[in-house]
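Q: Contents of final_18.txt (compact mmCIF, C-alpha atoms and all ligand atoms) are below:
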```
# COMPACT_ATOMS: atom_id res chain seq x y z
CA MET A 1 -1.22 19.65 18.47
CA SER A 2 -4.05 20.25 15.98
CA ASN A 3 -7.09 20.19 18.26
CA HIS A 4 -9.66 20.07 15.50
CA ILE A 5 -8.42 16.71 14.20
CA LYS A 6 -10.34 13.69 15.48
CA HIS A 7 -9.87 11.08 12.76
CA ILE A 8 -6.65 9.93 11.14
CA PHE A 9 -6.77 7.99 7.89
CA PHE A 10 -3.62 6.03 7.11
CA ASP A 11 -2.59 4.52 3.82
CA LEU A 12 -1.08 1.05 4.40
CA ASP A 13 1.40 0.03 1.67
CA ARG A 14 4.64 2.05 1.71
CA THR A 15 3.31 4.18 4.58
CA LEU A 16 3.20 1.77 7.54
CA TRP A 17 3.99 -1.47 5.71
CA ASP A 18 7.41 -1.57 4.02
CA PHE A 19 6.10 -3.02 0.81
CA GLU A 20 9.42 -3.14 -1.06
CA LYS A 21 11.21 -5.05 1.67
CA SER A 22 8.47 -7.68 1.89
CA ALA A 23 8.39 -7.96 -1.90
CA GLU A 24 12.15 -8.51 -2.09
CA GLN A 25 11.94 -11.29 0.49
CA ALA A 26 8.93 -12.86 -1.26
CA PHE A 27 10.80 -12.88 -4.58
CA GLU A 28 13.75 -14.70 -3.02
CA LYS A 29 11.38 -17.38 -1.73
CA ILE A 30 9.59 -17.65 -5.08
CA PHE A 31 12.93 -17.91 -6.92
CA GLU A 32 13.91 -20.86 -4.72
CA LYS A 33 10.54 -22.59 -4.66
CA HIS A 34 9.95 -22.51 -8.43
CA LYS A 35 13.66 -23.11 -9.22
CA LEU A 36 13.66 -20.12 -11.56
CA GLY A 37 17.44 -20.40 -11.85
CA ASP A 38 16.90 -23.64 -13.79
CA PHE A 39 14.89 -21.65 -16.35
CA GLY A 40 17.72 -19.14 -16.79
CA VAL A 41 16.54 -16.38 -14.45
CA PRO A 42 19.78 -15.03 -12.89
CA SER A 43 18.40 -14.14 -9.44
CA GLY A 44 15.34 -13.30 -7.38
CA THR A 45 16.39 -9.65 -7.54
CA ALA A 46 16.61 -9.67 -11.35
CA PHE A 47 13.18 -11.28 -11.51
CA HIS A 48 11.83 -8.67 -9.10
CA ASP A 49 13.32 -5.77 -11.09
CA THR A 50 11.68 -6.93 -14.32
CA TYR A 51 8.42 -7.66 -12.52
CA THR A 52 8.36 -4.13 -11.07
CA ILE A 53 8.27 -2.59 -14.55
CA HIS A 54 5.29 -4.72 -15.63
CA ASN A 55 3.54 -4.42 -12.28
CA GLU A 56 3.68 -0.63 -12.16
CA ARG A 57 2.16 -0.32 -15.61
CA LEU A 58 -0.52 -2.97 -14.98
CA TRP A 59 -1.30 -1.67 -11.46
CA ASP A 60 -1.92 1.76 -12.98
CA GLN A 61 -4.40 0.17 -15.39
CA TYR A 62 -5.98 -1.71 -12.47
CA ARG A 63 -6.27 1.51 -10.47
CA LYS A 64 -8.11 3.14 -13.38
CA GLY A 65 -10.46 0.16 -13.61
CA GLU A 66 -9.12 -0.94 -17.00
CA ILE A 67 -8.21 -4.47 -15.91
CA LYS A 68 -9.54 -6.82 -13.23
CA LYS A 69 -7.52 -8.01 -10.28
CA GLU A 70 -7.65 -11.64 -11.48
CA VAL A 71 -5.96 -10.55 -14.71
CA LEU A 72 -3.40 -8.34 -12.94
CA ARG A 73 -2.29 -11.10 -10.57
CA GLY A 74 -1.15 -13.60 -13.19
CA LEU A 75 -0.38 -11.35 -16.16
CA ARG A 76 2.33 -9.35 -14.35
CA PHE A 77 4.21 -12.61 -13.77
CA ASN A 78 3.55 -14.07 -17.20
CA LEU A 79 4.99 -10.94 -18.82
CA THR A 80 7.99 -11.09 -16.49
CA LEU A 81 8.62 -14.75 -17.33
CA LYS A 82 8.34 -13.92 -21.03
CA ASP A 83 11.09 -11.32 -20.69
CA PHE A 84 13.33 -14.15 -19.47
CA GLY A 85 12.30 -16.30 -22.46
CA ILE A 86 9.86 -18.45 -20.47
CA VAL A 87 6.37 -18.95 -21.88
CA ASN A 88 4.44 -20.88 -19.27
CA ASN A 89 1.10 -19.43 -18.20
CA ASP A 90 0.56 -22.07 -15.50
CA LEU A 91 3.85 -21.10 -13.90
CA GLY A 92 2.90 -17.41 -14.05
CA GLU A 93 -0.45 -18.10 -12.39
CA ALA A 94 1.20 -20.28 -9.71
CA ILE A 95 3.76 -17.59 -8.93
CA GLY A 96 0.99 -14.98 -8.89
CA ASP A 97 -0.90 -17.03 -6.29
CA ASP A 98 2.23 -17.59 -4.24
CA TYR A 99 3.18 -13.95 -4.27
CA VAL A 100 -0.11 -12.72 -2.79
CA LYS A 101 0.03 -15.53 -0.22
CA ILE A 102 3.68 -15.15 0.79
CA SER A 103 4.32 -11.39 0.79
CA PRO A 104 1.73 -10.38 3.45
CA LEU A 105 3.26 -12.94 5.83
CA LEU A 106 6.68 -11.28 5.58
CA VAL A 107 6.23 -8.50 8.10
CA ASN A 108 8.34 -5.40 7.52
CA LEU A 109 7.14 -2.09 8.91
CA PHE A 110 8.68 1.37 8.58
CA PRO A 111 10.58 2.52 11.68
CA TYR A 112 8.31 3.84 14.46
CA ALA A 113 5.12 2.44 12.85
CA ILE A 114 3.90 0.70 16.01
CA GLU A 115 5.21 3.44 18.30
CA ILE A 116 3.32 6.14 16.41
CA LEU A 117 0.08 4.11 16.39
CA GLU A 118 0.43 3.61 20.15
CA TYR A 119 0.93 7.33 20.57
CA LEU A 120 -1.94 8.42 18.29
CA LYS A 121 -4.55 5.95 19.59
CA GLU A 122 -4.71 7.90 22.86
CA ASN A 123 -6.22 11.00 21.27
CA TYR A 124 -7.53 10.05 17.83
CA THR A 125 -9.64 7.46 16.04
CA LEU A 126 -7.49 5.70 13.46
CA HIS A 127 -8.54 4.17 10.14
CA ILE A 128 -6.97 2.69 7.01
CA ILE A 129 -7.83 3.63 3.43
CA THR A 130 -6.11 1.32 0.98
CA ASN A 131 -6.16 0.49 -2.72
CA GLY A 132 -4.64 -2.93 -1.97
CA PHE A 133 -6.53 -6.22 -2.24
CA ALA A 134 -8.88 -6.61 0.76
CA GLU A 135 -7.88 -10.16 1.71
CA VAL A 136 -4.16 -9.39 1.37
CA GLN A 137 -4.39 -6.24 3.50
CA ALA A 138 -6.30 -8.15 6.19
CA VAL A 139 -3.44 -10.65 6.47
CA LYS A 140 -0.85 -7.85 6.70
CA LEU A 141 -2.75 -6.10 9.48
CA ARG A 142 -3.17 -9.35 11.40
CA GLU A 143 0.41 -10.56 10.97
CA SER A 144 1.92 -7.17 11.85
CA LYS A 145 -0.35 -6.88 14.92
CA MET A 146 -1.56 -3.47 13.70
CA LYS A 147 -5.21 -4.43 13.28
CA LYS A 148 -6.19 -3.50 16.84
CA TYR A 149 -5.24 0.15 16.29
CA PHE A 150 -7.79 0.75 13.55
CA ASP A 151 -11.47 1.42 13.83
CA GLN A 152 -12.37 1.18 10.14
CA ILE A 153 -10.42 -0.56 7.37
CA ILE A 154 -11.63 0.92 4.10
CA THR A 155 -10.57 -0.92 0.97
CA SER A 156 -11.10 0.16 -2.60
CA GLU A 157 -12.77 -3.17 -3.30
CA GLU A 158 -15.44 -2.41 -0.71
CA ALA A 159 -15.82 1.21 -1.84
CA GLY A 160 -16.01 0.19 -5.51
CA VAL A 161 -13.47 2.87 -6.51
CA LYS A 162 -9.81 3.55 -5.73
CA LYS A 163 -7.99 6.56 -4.32
CA PRO A 164 -7.81 9.35 -5.48
CA ASP A 165 -11.46 9.00 -6.53
CA PRO A 166 -13.51 11.25 -4.19
CA ASN A 167 -16.06 8.48 -3.72
CA ILE A 168 -13.69 6.33 -1.67
CA PHE A 169 -13.17 9.24 0.73
CA THR A 170 -16.93 9.89 0.93
CA PHE A 171 -17.41 6.19 1.60
CA ALA A 172 -14.77 6.40 4.35
CA PHE A 173 -16.48 9.39 5.98
CA ASP A 174 -19.85 7.62 5.93
CA LYS A 175 -18.41 4.44 7.38
CA SER A 176 -16.39 6.12 10.13
CA GLY A 177 -18.68 9.03 10.95
CA ALA A 178 -15.74 11.39 10.36
CA LYS A 179 -16.04 14.84 8.81
CA PRO A 180 -13.40 16.07 6.32
CA GLU A 181 -12.55 19.14 8.44
CA GLU A 182 -11.73 16.98 11.45
CA SER A 183 -9.76 14.40 9.43
CA ILE A 184 -6.20 14.08 8.22
CA MET A 185 -4.80 11.69 5.59
CA ILE A 186 -1.31 10.19 5.98
CA GLY A 187 0.15 8.54 2.89
CA ASP A 188 3.18 8.10 0.67
CA ASP A 189 1.65 8.52 -2.78
CA TYR A 190 1.39 12.18 -3.67
CA GLU A 191 -1.22 11.89 -6.42
CA VAL A 192 -3.27 9.16 -4.79
CA ASP A 193 -3.21 10.03 -1.09
CA ILE A 194 -2.33 13.70 -0.86
CA VAL A 195 -4.06 15.20 -3.89
CA GLY A 196 -6.98 12.85 -3.18
CA ALA A 197 -7.30 14.28 0.35
CA GLN A 198 -6.79 17.86 -0.83
CA ASN A 199 -9.74 17.47 -3.17
CA MET A 200 -11.85 16.54 -0.14
CA ASN A 201 -10.59 19.51 1.93
CA MET A 202 -8.86 17.17 4.36
CA GLU A 203 -5.50 18.00 5.82
CA GLN A 204 -2.65 15.78 4.71
CA ILE A 205 0.67 14.46 5.94
CA PHE A 206 2.81 13.39 3.00
CA PHE A 207 5.18 10.57 4.03
CA ASP A 208 8.23 10.91 1.76
CA PRO A 209 10.72 8.49 3.37
CA TYR A 210 13.32 8.70 0.60
CA ASN A 211 13.03 12.50 0.43
CA LEU A 212 12.12 12.42 -3.25
CA GLN A 213 9.63 15.31 -3.34
CA PRO A 214 10.91 17.99 -0.94
CA HIS A 215 8.87 20.74 -2.59
CA ALA A 216 5.54 18.92 -2.70
CA SER A 217 2.59 21.12 -1.81
CA CYS A 218 0.83 19.63 1.23
CA SER A 219 -0.21 20.45 4.80
CA TYR A 220 2.81 18.63 6.24
CA ARG A 221 5.64 16.55 4.80
CA ILE A 222 7.65 14.04 6.83
CA THR A 223 10.45 11.61 6.03
CA ASN A 224 10.12 9.61 9.25
CA LEU A 225 6.92 8.47 10.97
CA GLU A 226 8.19 9.71 14.32
CA GLU A 227 7.81 13.29 13.04
CA ILE A 228 4.03 12.85 13.32
CA LYS A 229 4.45 13.50 17.04
CA GLY A 230 5.38 17.08 16.23
CA ILE A 231 2.17 17.55 14.22
CA LEU A 232 -0.53 15.60 16.07
MG MG A 301 0.94 3.73 -0.34
```
Any chance you could put this one into structure tokens?
Ligand SMILES: [Mg+2]
A:
Amino acid sequence: MSNHIKHIFFDLDRTLWDFEKSAEQAFEKIFEKHKLGDFGVPSGTAFHDTYTIHNERLWDQYRKGEIKKEVLRGLRFNLTLKDFGIVNNDLGEAIGDDYVKISPLLVNLFPYAIEILEYLKENYTLHIITNGFAEVQAVKLRESKMKKYFDQIITSEEAGVKKPDPNIFTFAFDKSGAKPEESIMIGDDYEVDIVGAQNMNMEQIFFDPYNLQPHASCSYRITNLEEIKGIL
């Protein structure tokens, strides 16, 4: 038990919320609803795989402030459709709207997510710091019944900058009344969550569920959320 820790800041997507699983399910629904098979798209999975390539590149630009969220939402689908030979901006926009509506309703959490929040709430104040869209994250927290565990939900939209920018952490400290030396960050993205927290002199727990970065430099590294019980 680290006695000096009072505040725990969780990332949401891919840390508590199993983003990939929800996305896969959302793509199956979108494939059916928009009859993408009729346009020559082989499957929801194929559509998802192509989308992922465009989304990662565009999300990176969004994170750096190079494109707006309204552009990101539709463009990632329009580019995906184009790869399948479909040029239809209205369809891309409609799918973009559906995706952000459908995916947060498809609740998939990592194993032990609720159990660990139950355990931690007894001794710590819990918060979220997320780069995700504010209104989407609110739906996820409500639908997954995780909202009640968190004192402050800090979104990049509210802070005006995204992790790993130090200003989002400073904003989080101001809003929560936490001090860096009594705070720990738990997240899955090494550059965004872990290096971001290191730059603020916060401790960090790197959640690496697929064991992809075993030698990452961090305070603690876990592959299963239950391991947090051995740290906090
Ligand atoms: Mg994440």
Q: Could you list, as a tab-separated table (two decimals) with C-alpha atoms, in the frame of the given file, all protein and nucleic acid residues with an atom at most 6 Å from ligand MG 301 (chain A), counting only C-alpha atoms and all ligand atoms?
A:
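File produced: pocket_13.tsv:
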```
chain	number	residue	atom	x	y	z
A	11	ASP	CA	-2.59	4.52	3.82
A	12	LEU	CA	-1.08	1.05	4.40
A	13	ASP	CA	1.40	0.03	1.67
A	14	ARG	CA	4.64	2.05	1.71
A	15	THR	CA	3.31	4.18	4.58
A	187	GLY	CA	0.15	8.54	2.89
A	188	ASP	CA	3.18	8.10	0.67
A	189	ASP	CA	1.65	8.52	-2.78
```
Q: Using all atoms listed in the file, determine which residues lie at most 7 Å from segment 156-166 of chain A, disregarding the query and same-chain residues fewer than 5 positions distant; provide the list as a VMD selection string.
A: chain A and resid 63 130 to 131 134 171 192 to 193 196 200
Q: Please identify all polymer residues lying at most 12 Å from the point (3.2, 12.5, 2.9) (file coordinates), using only C-alpha atoms, and present the result as a VMD selection string.
A: chain A and resid 10 to 11 14 to 16 184 to 198 203 to 225 227 to 228
Q: At a cut-off of 8 Å around the point (-4.1, 0.1, 13.4) (file coordinates), what residues fall inside when counting only C-alpha atoms? I'd like the answer as a ChimeraX atom specification.
A: /A:117,126-128,141,146-151
Q: Given the selection you just returned, output its residues as a file containing C-alpha atoms, formatted as a compact mmCIF listing (two decimals), keeping the file's coordinate frame.
A:
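Result went into again-v8.txt, see below:
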```txt
# COMPACT_ATOMS: atom_id res chain seq x y z
CA LEU A 117 0.08 4.11 16.39
CA LEU A 126 -7.49 5.70 13.46
CA HIS A 127 -8.54 4.17 10.14
CA ILE A 128 -6.97 2.69 7.01
CA LEU A 141 -2.75 -6.10 9.48
CA MET A 146 -1.56 -3.47 13.70
CA LYS A 147 -5.21 -4.43 13.28
CA LYS A 148 -6.19 -3.50 16.84
CA TYR A 149 -5.24 0.15 16.29
CA PHE A 150 -7.79 0.75 13.55
CA ASP A 151 -11.47 1.42 13.83
```
Q: One decimal, in Å: what's the spacing between atom CA of Tyr51 of chain A and atom CA of Ser22 of chain A?
A: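 Answer for the atom CA of Tyr51 of chain A to atom CA of Ser22 of chain A separation: 14.4 Å.
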Q: Quick one: pull the distance between atom CA of Leu232 of chain A and atom CA of Glu20 of chain A, Å, one decimal.
A: 27.3 Å
Q: What separation in Å, quoted to one decimal, exists between atom CA of Ile116 of chain A and atom CA of Val100 of chain A?
A: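 These atoms are spaced 27.1 Å apart.
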Q: How big is the axis-aligned box, and where does its centre sit, when it encloses all atoms of segment 40-47 of chain A listed in the file and has 5 Å added on every side, reported in Å to one decimal as lines of an AutoDock Vina configuration file?
A:
```
center_x = 16.5
center_y = -14.4
center_z = -12.1
size_x = 16.6
size_y = 19.5
size_z = 19.4
```
Q: Neighbouring residues of Asp174 of chain A were defined as those with any atom within 12 Å, considering only C-alpha atoms; residues of the same chain fewer than 6 positions away were excluded. Please report them as an NGL selection string.
A: :A and (152 or 154 or 159 or 167-168 or 180)
Q: Taking into account only C-alpha atoms, which residue in the set A:Asp83, A:Glu70, A:Glu181, A:Asp60 is nearest to Ala46 of chain A?
A: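 Nearest candidate to Ala46 of chain A out of A:Asp83, A:Glu70, A:Glu181, A:Asp60: A:Asp83.
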Q: Given the choices A:Lys121, A:His54, A:His48, A:Lys175, which gets closest to Ile30 of chain A if the distance is worked out from all atoms listed in the file?
A: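 For Ile30 of chain A, the nearest of the given residues is A:His48.
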